[in-house]
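> Structure file run11.cif (mmCIF, C-alpha atoms) is given on the next line.
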```
data_final
#
loop_
_atom_site.label_atom_id
_atom_site.label_comp_id
_atom_site.auth_asym_id
_atom_site.auth_seq_id
_atom_site.Cartn_x
_atom_site.Cartn_y
_atom_site.Cartn_z
CA MET A 1 -103.40 -23.14 -1.56
CA ASN A 2 -103.31 -26.69 -0.39
CA ILE A 3 -101.12 -27.99 2.36
CA ARG A 4 -98.52 -29.47 0.03
CA GLN A 5 -97.93 -26.15 -1.71
CA VAL A 6 -97.59 -24.37 1.61
CA ARG A 7 -95.02 -26.88 2.79
CA THR A 8 -92.89 -26.42 -0.34
CA LYS A 9 -93.12 -22.69 0.03
CA ILE A 10 -91.95 -22.78 3.63
CA LYS A 11 -88.99 -24.87 2.59
CA SER A 12 -87.98 -22.55 -0.23
CA VAL A 13 -88.29 -19.43 1.90
CA GLY A 14 -86.16 -21.21 4.50
CA ASN A 15 -83.49 -21.72 1.85
CA VAL A 16 -83.63 -18.09 0.84
CA LYS A 17 -83.16 -17.16 4.46
CA LYS A 18 -80.07 -19.32 4.69
CA ILE A 19 -78.57 -17.63 1.65
CA THR A 20 -79.31 -14.10 2.80
CA ARG A 21 -77.88 -14.88 6.22
CA ALA A 22 -74.69 -16.23 4.66
CA MET A 23 -74.40 -13.12 2.50
CA GLU A 24 -74.88 -10.98 5.55
CA MET A 25 -72.00 -12.71 7.32
CA VAL A 26 -69.76 -12.31 4.29
CA SER A 27 -70.61 -8.63 4.05
CA VAL A 28 -69.86 -8.11 7.73
CA ILE A 29 -66.35 -9.44 7.27
CA LYS A 30 -65.78 -7.54 4.05
CA MET A 31 -67.10 -4.37 5.62
CA LYS A 32 -64.74 -4.70 8.56
CA LYS A 33 -61.81 -5.14 6.21
CA ALA A 34 -62.82 -2.13 4.13
CA GLN A 35 -63.32 -0.03 7.25
CA GLN A 36 -59.90 -1.04 8.50
CA LYS A 37 -58.42 0.05 5.19
CA ALA A 38 -60.24 3.35 5.36
CA VAL A 39 -58.85 3.99 8.84
CA GLU A 40 -55.31 3.04 7.84
CA THR A 41 -55.15 5.33 4.84
CA LYS A 42 -56.49 8.29 6.74
CA PRO A 43 -53.23 9.57 8.28
CA TYR A 44 -51.53 9.69 4.89
CA GLU A 45 -54.27 11.71 3.29
CA GLN A 46 -54.54 13.97 6.31
CA SER A 47 -50.86 14.82 6.46
CA LEU A 48 -50.84 15.42 2.75
CA SER A 49 -53.60 17.99 2.97
CA GLU A 50 -51.97 19.48 6.08
CA ILE A 51 -48.77 20.02 4.16
CA ILE A 52 -50.65 21.64 1.32
CA GLN A 53 -52.31 23.97 3.80
CA ASP A 54 -48.98 24.76 5.38
CA ILE A 55 -47.29 25.79 2.21
CA SER A 56 -50.35 27.19 0.48
CA ALA A 57 -49.06 30.73 1.00
CA LYS A 58 -46.15 29.85 -1.21
CA ILE A 59 -48.27 28.27 -3.88
CA ASP A 60 -48.79 30.38 -6.92
CA PRO A 61 -51.36 29.31 -9.51
CA SER A 62 -48.68 29.47 -12.14
CA PHE A 63 -46.67 26.75 -10.42
CA SER A 64 -48.89 23.92 -11.41
CA ALA A 65 -51.19 23.24 -14.30
CA LEU A 66 -53.49 21.55 -11.84
CA LEU A 67 -54.48 24.90 -10.35
CA LYS A 68 -55.39 26.74 -13.52
CA THR A 69 -58.88 28.08 -13.92
CA PRO A 70 -60.46 26.67 -17.04
CA GLU A 71 -61.53 28.91 -19.86
CA GLU A 72 -65.07 30.21 -19.70
CA ASN A 73 -66.35 28.59 -22.86
CA LEU A 74 -65.08 25.16 -21.92
CA LYS A 75 -68.31 23.47 -20.93
CA LYS A 76 -67.30 19.85 -21.24
CA GLU A 77 -66.75 18.07 -17.97
CA LEU A 78 -65.57 14.69 -16.84
CA ALA A 79 -67.38 12.71 -14.17
CA ILE A 80 -65.95 9.69 -12.41
CA VAL A 81 -68.77 7.53 -11.07
CA ILE A 82 -67.98 4.91 -8.47
CA SER A 83 -70.69 2.29 -8.06
CA THR A 84 -70.70 -1.43 -7.34
CA ASN A 85 -70.20 -4.52 -9.45
CA LYS A 86 -72.88 -6.51 -7.70
CA GLY A 87 -76.42 -5.71 -6.73
CA LEU A 88 -78.36 -6.71 -3.63
CA CYS A 89 -77.19 -3.77 -1.61
CA GLY A 90 -80.41 -1.90 -0.98
CA SER A 91 -80.78 1.60 -2.28
CA TYR A 92 -77.02 2.17 -2.40
CA ASN A 93 -76.71 2.49 -6.17
CA PHE A 94 -80.07 4.16 -6.69
CA ASN A 95 -79.24 6.99 -4.33
CA LEU A 96 -76.06 7.53 -6.28
CA TYR A 97 -77.93 7.48 -9.61
CA ARG A 98 -80.35 10.06 -8.36
CA HIS A 99 -77.52 12.29 -7.22
CA VAL A 100 -75.69 11.91 -10.52
CA SER A 101 -78.70 12.68 -12.68
CA LYS A 102 -79.52 15.69 -10.55
CA ASN A 103 -76.04 17.21 -10.78
CA VAL A 104 -74.78 16.15 -14.15
CA ASP A 105 -75.69 17.37 -17.58
CA PHE A 106 -75.44 14.18 -19.62
CA LYS A 107 -74.84 15.99 -22.88
CA ASN A 108 -71.84 17.93 -21.68
CA ASN A 109 -70.17 15.18 -19.72
CA ASP A 110 -67.90 12.28 -20.39
CA PHE A 111 -67.79 9.49 -17.86
CA ILE A 112 -65.29 7.18 -16.29
CA VAL A 113 -67.10 4.41 -14.49
CA VAL A 114 -65.97 2.06 -11.78
CA GLY A 115 -68.54 -0.67 -11.19
CA LYS A 116 -70.84 -2.47 -13.60
CA LYS A 117 -74.04 -1.11 -12.13
CA GLY A 118 -73.01 2.46 -12.76
CA ALA A 119 -71.94 1.59 -16.30
CA PHE A 120 -75.42 0.23 -17.06
CA PHE A 121 -77.03 3.32 -15.67
CA ILE A 122 -74.88 5.78 -17.59
CA ASN A 123 -75.42 3.80 -20.77
CA LYS A 124 -79.16 3.91 -20.28
CA MET A 125 -79.08 7.66 -19.74
CA GLY A 126 -77.13 8.10 -22.95
CA GLY A 127 -73.90 9.28 -21.30
CA ASN A 128 -70.61 8.88 -23.12
CA ILE A 129 -68.37 6.43 -21.25
CA ILE A 130 -64.72 6.87 -22.12
CA ALA A 131 -63.38 4.24 -19.75
CA ASP A 132 -64.76 1.41 -17.66
CA PHE A 133 -62.70 0.13 -14.74
CA SER A 134 -65.24 -2.38 -13.46
CA LEU A 135 -63.43 -5.60 -14.04
CA SER A 136 -60.42 -5.60 -11.78
CA ASN A 137 -59.81 -4.41 -8.26
CA PRO A 138 -60.39 -0.66 -8.56
CA LEU A 139 -57.63 0.14 -6.08
CA ASN A 140 -55.06 -1.08 -8.61
CA ASP A 141 -56.48 1.23 -11.23
CA VAL A 142 -56.29 4.47 -9.28
CA THR A 143 -53.19 5.60 -11.13
CA ALA A 144 -54.75 4.83 -14.50
CA ILE A 145 -57.95 6.67 -13.64
CA PHE A 146 -55.95 9.63 -12.42
CA LYS A 147 -53.78 9.72 -15.52
CA LEU A 148 -56.79 9.62 -17.79
CA ALA A 149 -58.52 12.44 -15.94
CA LEU A 150 -55.37 14.54 -15.75
CA GLU A 151 -54.65 14.16 -19.43
CA GLY A 152 -58.14 15.30 -20.34
CA PHE A 153 -57.82 18.26 -18.02
CA LEU A 154 -54.36 19.35 -19.15
CA THR A 155 -55.22 19.14 -22.84
CA ASP A 156 -58.21 21.43 -22.20
CA LYS A 157 -60.63 18.72 -23.16
CA TYR A 158 -62.48 19.07 -19.88
CA GLY A 159 -63.00 22.17 -17.80
CA ARG A 160 -63.63 20.29 -14.61
CA VAL A 161 -63.24 16.78 -13.26
CA ARG A 162 -65.62 15.57 -10.62
CA ILE A 163 -65.96 12.32 -8.75
CA PHE A 164 -69.29 10.86 -7.66
CA PHE A 165 -69.40 8.31 -4.91
CA ASN A 166 -71.23 7.32 -1.76
CA GLU A 167 -69.51 8.85 1.20
CA TYR A 168 -69.26 6.48 4.10
CA ILE A 169 -70.64 8.17 7.20
CA SER A 170 -71.54 5.27 9.41
CA THR A 171 -72.58 1.66 9.01
CA LEU A 172 -76.15 2.80 8.67
CA ARG A 173 -75.59 5.84 6.51
CA ASN A 174 -74.13 6.62 3.14
CA GLU A 175 -74.38 9.99 1.53
CA PRO A 176 -74.06 10.36 -2.23
CA THR A 177 -71.46 13.06 -2.74
CA ASP A 178 -69.53 14.78 -5.47
CA LEU A 179 -66.05 16.23 -5.16
CA THR A 180 -64.26 18.46 -7.60
CA LEU A 181 -60.88 16.87 -8.23
CA LEU A 182 -59.51 19.22 -10.86
CA PRO A 183 -58.77 22.09 -10.77
CA VAL A 184 -57.47 21.64 -7.26
CA THR A 185 -59.00 23.96 -4.73
CA TYR A 186 -57.86 24.59 -1.19
CA LYS A 187 -59.04 27.04 1.39
CA PRO A 188 -56.64 27.95 4.14
CA GLY A 189 -58.36 29.19 7.28
CA GLU A 190 -57.62 32.56 8.89
CA GLU A 191 -55.35 31.24 11.62
CA GLU A 192 -53.38 29.14 9.25
CA ILE A 193 -52.60 32.08 7.05
CA LYS A 194 -50.92 33.76 10.00
CA LYS A 195 -48.95 30.65 10.74
CA ILE A 196 -47.79 30.20 7.20
CA LYS A 197 -46.32 33.69 7.01
CA GLU A 198 -43.24 32.29 8.73
CA GLU A 199 -40.35 31.32 6.57
CA PHE A 200 -40.75 28.06 4.78
CA LEU A 201 -37.91 26.54 2.86
CA ILE A 202 -38.96 24.55 -0.15
CA GLU A 203 -36.44 22.34 -1.83
CA PRO A 204 -35.47 21.73 -4.56
CA ASP A 205 -37.77 24.03 -6.51
CA PRO A 206 -41.26 25.05 -5.40
CA LYS A 207 -42.57 24.67 -8.93
CA VAL A 208 -41.57 21.07 -9.38
CA LEU A 209 -42.52 20.18 -5.88
CA VAL A 210 -45.94 21.77 -5.75
CA ASP A 211 -46.91 20.16 -9.01
CA GLN A 212 -45.86 16.74 -7.77
CA LEU A 213 -47.49 17.25 -4.43
CA LEU A 214 -50.81 18.23 -5.94
CA ARG A 215 -50.67 15.28 -8.26
CA SER A 216 -50.26 12.81 -5.46
CA PHE A 217 -52.88 14.70 -3.49
CA VAL A 218 -55.49 14.24 -6.21
CA GLU A 219 -54.51 10.64 -6.72
CA GLU A 220 -54.79 9.98 -3.03
CA LYS A 221 -58.21 11.60 -3.05
CA ILE A 222 -59.43 9.23 -5.74
CA ARG A 223 -58.06 6.29 -3.79
CA ASN A 224 -59.76 7.48 -0.66
CA CYS A 225 -63.10 7.87 -2.45
CA ILE A 226 -62.90 4.33 -3.77
CA ILE A 227 -62.07 2.94 -0.35
CA GLN A 228 -64.97 4.81 1.21
CA ALA A 229 -67.34 3.64 -1.51
CA GLU A 230 -66.24 0.07 -0.89
CA ALA A 231 -66.86 0.29 2.84
CA GLY A 232 -70.28 1.78 2.12
CA GLU A 233 -71.14 -0.92 -0.38
CA HIS A 234 -70.47 -3.71 2.06
CA SER A 235 -72.22 -2.05 4.94
CA SER A 236 -75.35 -1.33 2.91
CA ARG A 237 -75.34 -4.87 1.55
CA MET A 238 -75.05 -6.15 5.08
CA ILE A 239 -78.08 -4.13 6.12
CA ALA A 240 -80.07 -5.15 3.05
CA MET A 241 -79.33 -8.79 3.75
CA LYS A 242 -80.19 -8.41 7.40
CA ASN A 243 -83.55 -7.00 6.42
CA ALA A 244 -84.08 -9.81 3.94
CA THR A 245 -83.32 -12.40 6.60
CA GLU A 246 -85.77 -10.81 8.99
CA ASN A 247 -88.38 -10.64 6.25
CA ALA A 248 -87.91 -14.29 5.46
CA GLU A 249 -88.45 -15.14 9.12
CA HIS A 250 -91.65 -13.17 9.08
CA VAL A 251 -92.89 -14.90 5.93
CA ILE A 252 -92.06 -18.31 7.40
CA TYR A 253 -94.01 -17.43 10.54
CA ASN A 254 -97.12 -16.52 8.54
CA LEU A 255 -96.82 -19.54 6.28
CA THR A 256 -96.51 -21.84 9.29
CA LEU A 257 -99.69 -20.37 10.70
CA LEU A 258 -101.43 -20.99 7.38
CA ARG A 259 -100.12 -24.55 7.23
CA ASN A 260 -101.44 -25.37 10.69
CA LYS A 261 -104.74 -23.81 9.88
CA ILE A 262 -105.13 -25.86 6.71
CA ARG A 263 -104.14 -29.04 8.55
CA GLN A 264 -106.64 -28.38 11.30
CA GLU A 265 -109.34 -27.64 8.77
CA LYS A 266 -108.66 -30.94 7.08
CA ILE A 267 -109.00 -32.82 10.38
CA THR A 268 -112.23 -31.04 11.17
CA TYR A 269 -113.65 -31.96 7.81
CA GLU A 270 -112.65 -35.59 8.25
CA LEU A 271 -114.34 -35.67 11.64
CA LEU A 272 -117.47 -34.13 10.20
CA ASP A 273 -117.46 -36.70 7.43
CA MET A 274 -117.21 -39.54 9.93
CA MET A 275 -120.04 -38.11 12.03
CA THR A 276 -122.41 -37.74 9.09
CA ALA A 277 -121.52 -41.19 7.80
CA LYS A 278 -122.12 -42.75 11.22
CA GLU A 279 -125.43 -40.96 11.63
CA SER A 280 -126.73 -41.98 8.22
CA VAL A 281 -125.83 -45.66 8.93
CA GLU A 282 -127.62 -45.59 12.32
CA ASN A 283 -130.77 -44.15 10.83
CA MET B 1 -31.40 17.35 24.93
CA ASP B 2 -33.89 18.46 22.30
CA THR B 3 -35.70 15.86 20.29
CA LEU B 4 -37.78 15.51 17.15
CA GLN B 5 -41.19 13.95 16.77
CA LEU B 6 -40.76 11.63 13.83
CA LYS B 7 -43.64 10.24 11.81
CA ILE B 8 -43.16 8.04 8.78
CA ILE B 9 -46.44 7.54 6.98
CA THR B 10 -47.25 5.37 3.99
CA PRO B 11 -50.63 5.05 2.28
CA LYS B 12 -51.07 1.70 4.02
CA LYS B 13 -50.10 2.51 7.58
CA ILE B 14 -48.05 4.62 9.94
CA ALA B 15 -44.70 2.92 9.62
CA LYS B 16 -43.02 4.69 12.48
CA GLN B 17 -43.94 7.19 15.12
CA GLU B 18 -41.48 8.04 17.84
CA THR B 19 -39.25 10.64 19.42
CA VAL B 20 -35.75 10.73 17.95
CA GLU B 21 -32.60 12.85 17.94
CA SER B 22 -31.89 13.03 14.26
CA VAL B 23 -33.16 11.77 10.92
CA THR B 24 -31.14 11.38 7.74
CA VAL B 25 -33.12 11.26 4.51
CA PRO B 26 -32.27 11.07 0.81
CA THR B 27 -33.69 14.11 -1.00
CA VAL B 28 -33.45 14.67 -4.72
CA ASP B 29 -30.58 17.10 -4.13
CA GLY B 30 -28.65 14.75 -1.88
CA GLU B 31 -28.74 13.36 1.58
CA ILE B 32 -29.70 15.68 4.43
CA THR B 33 -29.78 15.22 8.16
CA ILE B 34 -32.45 16.91 10.20
CA LEU B 35 -31.68 17.89 13.77
CA PRO B 36 -33.94 19.60 16.29
CA HIS B 37 -34.64 23.29 15.52
CA HIS B 38 -34.17 22.73 11.85
CA VAL B 39 -35.55 25.57 9.75
CA ASN B 40 -39.02 24.96 8.30
CA LEU B 41 -38.45 22.76 5.32
CA PHE B 42 -40.44 21.01 2.74
CA SER B 43 -38.62 18.70 0.39
CA LEU B 44 -38.94 15.95 -2.16
CA LEU B 45 -37.50 12.55 -1.28
CA LYS B 46 -36.26 9.86 -3.60
CA GLU B 47 -35.95 6.14 -3.03
CA GLY B 48 -33.26 5.33 -0.55
CA ILE B 49 -32.50 4.69 3.05
CA VAL B 50 -33.68 6.68 6.04
CA LYS B 51 -31.42 6.67 9.06
CA VAL B 52 -33.05 7.30 12.38
CA LYS B 53 -30.80 8.08 15.31
CA ASN B 54 -31.86 7.94 18.88
CA GLY B 55 -29.11 8.08 21.47
CA SER B 56 -26.62 5.39 20.62
CA LYS B 57 -29.28 3.44 18.76
CA GLU B 58 -29.44 3.66 15.00
CA GLU B 59 -32.20 2.34 12.81
CA TYR B 60 -32.53 2.08 9.07
CA LEU B 61 -35.59 1.98 6.83
CA ALA B 62 -35.85 1.62 3.08
CA ILE B 63 -38.34 4.03 1.52
CA GLY B 64 -39.92 4.72 -1.82
CA GLY B 65 -40.23 8.26 -3.15
CA GLY B 66 -42.21 10.84 -1.22
CA TYR B 67 -42.15 14.09 0.73
CA LEU B 68 -40.64 15.45 3.88
CA GLN B 69 -41.92 18.23 6.01
CA THR B 70 -40.41 19.63 9.18
CA ASP B 71 -40.83 22.66 11.38
CA GLY B 72 -37.98 22.00 13.78
CA ALA B 73 -40.05 20.14 16.34
CA LYS B 74 -41.69 17.47 14.25
CA VAL B 75 -40.75 15.63 11.09
CA VAL B 76 -43.34 14.15 8.79
CA VAL B 77 -42.13 11.75 6.13
CA LEU B 78 -44.75 10.83 3.55
CA VAL B 79 -43.56 7.99 1.35
CA SER B 80 -45.04 5.45 -1.01
CA LYS B 81 -43.55 2.60 0.99
CA ALA B 82 -41.30 1.98 3.96
CA TYR B 83 -39.60 -1.24 5.01
CA HIS B 84 -37.80 -2.10 8.15
CA GLN B 85 -34.64 -4.14 8.10
CA ASP B 86 -36.42 -7.17 9.48
CA GLU B 87 -39.03 -7.07 6.75
CA ILE B 88 -36.55 -7.74 3.98
CA ASP B 89 -35.58 -11.22 2.89
CA GLU B 90 -32.09 -11.49 1.41
CA SER B 91 -32.84 -14.46 -0.85
CA LEU B 92 -35.86 -12.69 -2.30
CA ILE B 93 -33.72 -9.68 -3.17
CA GLU B 94 -31.17 -11.84 -4.95
CA LYS B 95 -33.93 -13.46 -6.94
CA ALA B 96 -35.46 -10.10 -7.83
CA VAL B 97 -32.07 -8.80 -8.97
CA ALA B 98 -31.48 -11.85 -11.14
CA ASP B 99 -34.94 -11.61 -12.68
CA ALA B 100 -34.66 -7.91 -13.35
CA LYS B 101 -31.23 -8.28 -14.93
CA LYS B 102 -32.53 -11.00 -17.19
CA ILE B 103 -35.45 -8.88 -18.30
CA ILE B 104 -33.22 -5.90 -18.96
CA SER B 105 -30.85 -7.92 -21.13
CA THR B 106 -33.55 -9.69 -23.13
CA THR B 107 -36.57 -7.43 -23.45
CA LYS B 108 -37.15 -4.89 -26.19
CA ASP B 109 -40.29 -3.43 -24.70
CA GLU B 110 -39.57 -0.04 -23.19
CA SER B 111 -42.12 -0.15 -20.38
CA GLU B 112 -41.05 -3.63 -19.28
CA ARG B 113 -37.49 -2.45 -19.26
CA SER B 114 -38.17 0.56 -17.08
CA GLU B 115 -40.19 -1.57 -14.72
CA ALA B 116 -37.29 -3.98 -14.39
CA LEU B 117 -34.92 -1.09 -13.80
CA ALA B 118 -37.15 0.17 -11.02
CA THR B 119 -37.17 -3.28 -9.43
CA LEU B 120 -33.42 -3.43 -9.67
CA ARG B 121 -33.03 -0.01 -8.08
CA HIS B 122 -35.34 -1.01 -5.30
CA ALA B 123 -33.45 -4.25 -4.74
CA VAL B 124 -30.13 -2.44 -4.58
CA ILE B 125 -31.50 -0.12 -1.90
CA ASN B 126 -32.80 -3.07 0.05
CA SER B 127 -29.50 -4.91 -0.05
CA LYS B 128 -27.70 -1.76 1.01
CA LEU B 129 -30.07 -1.56 3.93
CA LEU B 130 -29.30 -5.14 4.87
CA LYS B 131 -25.59 -4.45 4.94
CA LYS B 132 -26.17 -1.71 7.46
CA ARG B 133 -26.93 -4.27 10.09
CA LYS B 134 -27.18 -2.62 13.42
CA PRO B 135 -24.05 -3.38 15.42
CA LYS B 136 -24.79 -6.32 17.63
CA SER B 137 -24.55 -5.54 21.29
CA ILE B 138 -21.51 -7.24 22.72
#
```
Would you write the structure of this file as structure tokens?


Amino acid sequence: MNIRQVRTKIKSVGNVKKITRAMEMVSVIKMKKAQQKAVETKPYEQSLSEIIQDISAKIDPSFSALLKTPEENLKKELAIVISTNKGLCGSYNFNLYRHVSKNVDFKNNDFIVVGKKGAFFINKMGGNIIADFSLSNPLNDVTAIFKLALEGFLTDKYGRVRIFFNEYISTLRNEPTDLTLLPVTYKPGEEEIKKIKEEFLIEPDPKVLVDQLLRSFVEEKIRNCIIQAEAGEHSSRMIAMKNATENAEHVIYNLTLLRNKIRQEKITYELLDMMTAKESVEN
Amino acid sequence: MDTLQLKIITPKKIAKQETVESVTVPTVDGEITILPHHVNLFSLLKEGIVKVKNGSKEEYLAIGGGYLQTDGAKVVVLVSKAYHQDEIDESLIEKAVADAKKIISTTKDESERSEALATLRHAVINSKLLKKRKPKSI
């Protein structure tokens, strides 16, 4: 490499560094927003599941179609896969892919995808995508996703509906997870069972109410998963970009060393040339 | 005097959290008022106005549909949305009503029509809420 090439390279790596740093900043802000959202929606989801626990003694599987156990021979399942629209977020999507391919039988599953990256992956694996919600803001589509899944479940098309997403644990950690959305399962603890034994008045009609309640519970769960996935996406992109920026700094450091070395070499050669020329003239 | 721990929660935020004396909510079967030591109750709410009473102070909130749970000491109201009186703009409501009425009279599409009806219903609740201005302290 000559000195001119090294100089151009340093400049271009410097530009890359600028871009990755800018992306890091953007991701920090987006992550904070998504985290805020995740925190704000938490009380709603929590009280909803608390209520379900409280009245679970009164819930009879016959009340709601959402609680039915699917028939044995119904092997077909539906998987909702939440990935990202954009790349450059480290191993975020790949971890999810690995989890999906480990836990899903592609022949017996239909897919609903949120996020372009996931859609590509499922396509490549030969999965059957029945709906793709990548284009708009996924939070506006929660109801549509839910309706689609519910319809498939109620018409006995699918025996089980699962959702795959990256659970947001901390800024540094995401865990690919799957949750079974339908049929709804709940496990009241020992103490709670005692508590529930007390009289509980349910108006107007437990049947109508439980069905509605479970519906909004599942819908809220989907929404929560999407919000968590979003927070995870931004945080892992932030980390990926931070690493890229640091890498670029490292590369620039090495290239600068190389540049100086080449320059010094050139000077030494010039000096040598002058010396030999001078000596040959004198002789 | 006994009090109730009231919590009004929407998917976006906790709209209200305070100690009150009574809460009046619109359920699907009609309006009910919850006082301290109410029997354990779980009920379905419809769009309407929630009245919160605390001493001589009365407060009103417009809510979307949702659920109510109480055990006599605390009241949890889970709703799709909740607005305070101050958060509603009268001119916006009038505009929404006019728009919705126009859509209802002109459109043939069923889904558009039901959407407009929902907007109208919502607007009516909001304007009702506005009329219930808290009595100004003299």

> Please identify all residues of chain B having at least one atom at most 6 Å from any atom of chain A, considering only C-alpha atoms, and return them as a count of residues only.

8

> Check which residues satisfy the PyMOL selection byres ((chain B and resi 64) around 12) in the file shown, then give them as a PyMOL selection string.

chain B and resi 8-11+25-27+44-50+61-63+65-67+77-83+118-119+121-123+125-126

> Can you list, as an MDAnalysis selection string, every protein, DNA or RNA residue that comes within 9 Å of stretch 85-91 of chain B when you count only C-alpha atoms, leaving out same-chain residues fewer than 4 positions away?

chainID B and resid 59:62 95:96 126:127 129:130 132:133

> Show which residues sit within 12 Å of A:Asp141, as number ranges by chain. Count all atoms listed in the file, and ignore same-chain residues fewer than 2 positions away.

A: 112-114, 131-139, 143-148, 219, 222-223, 226

> Mind pulling up the distance from atom CA of A:Lys242 to atom CA of A:Met23?

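Distance reported for this atom pair: 8.9 Å.
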
> Give me the residues within 10 Å of A:Gly87 as a list in words, counting all atoms listed in the file and dropping any in the same chain fewer than 5 places off.

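Result of the neighbour search: Tyr92, Asn93, Lys116, Lys117, Glu233 and Arg237 of chain A.
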
> Find the spatial neighbours of B:His37, counting all atoms listed in the file, within a cut-off of 9 Å - ignore same-chain residues fewer than 4 positions away - and output them as a PDB file with C-alpha atoms, keeping the file's coordinate frame.


```pdb
ATOM      1  CA  ASP B   2     -33.890  18.460  22.300  1.00  0.00           C
ATOM      2  CA  THR B   3     -35.700  15.860  20.290  1.00  0.00           C
ATOM      3  CA  LEU B   4     -37.780  15.510  17.150  1.00  0.00           C
ATOM      4  CA  ASP B  71     -40.830  22.660  11.380  1.00  0.00           C
ATOM      5  CA  GLY B  72     -37.980  22.000  13.780  1.00  0.00           C
ATOM      6  CA  ALA B  73     -40.050  20.140  16.340  1.00  0.00           C
TER       7      ALA B  73
END
```

> At a cut-off of 12 Å from (-62.9, 9.4, -1.8) in the coordinates of the file, what residues are picked up using only C-alpha atoms, written as a ChimeraX atom specification?

/A:38,41-42,45,80-82,139,142,162-169,175-181,217-232

> Residues proximal to (-27.3, 9.8, 16.2) were defined as those with any atom within 12 Å of that point in the file's coordinates, counting only C-alpha atoms. Which are they, as a VMD selection string?

chain B and resid 3 to 4 20 to 24 33 to 36 51 to 60

> For the PyMOL selection byres ((chain A and resi 4) around 12), applied here, can you spell out every residue it catches as a ChimeraX atom specification?

/A:1-3,5-11,255,258-260,262-263
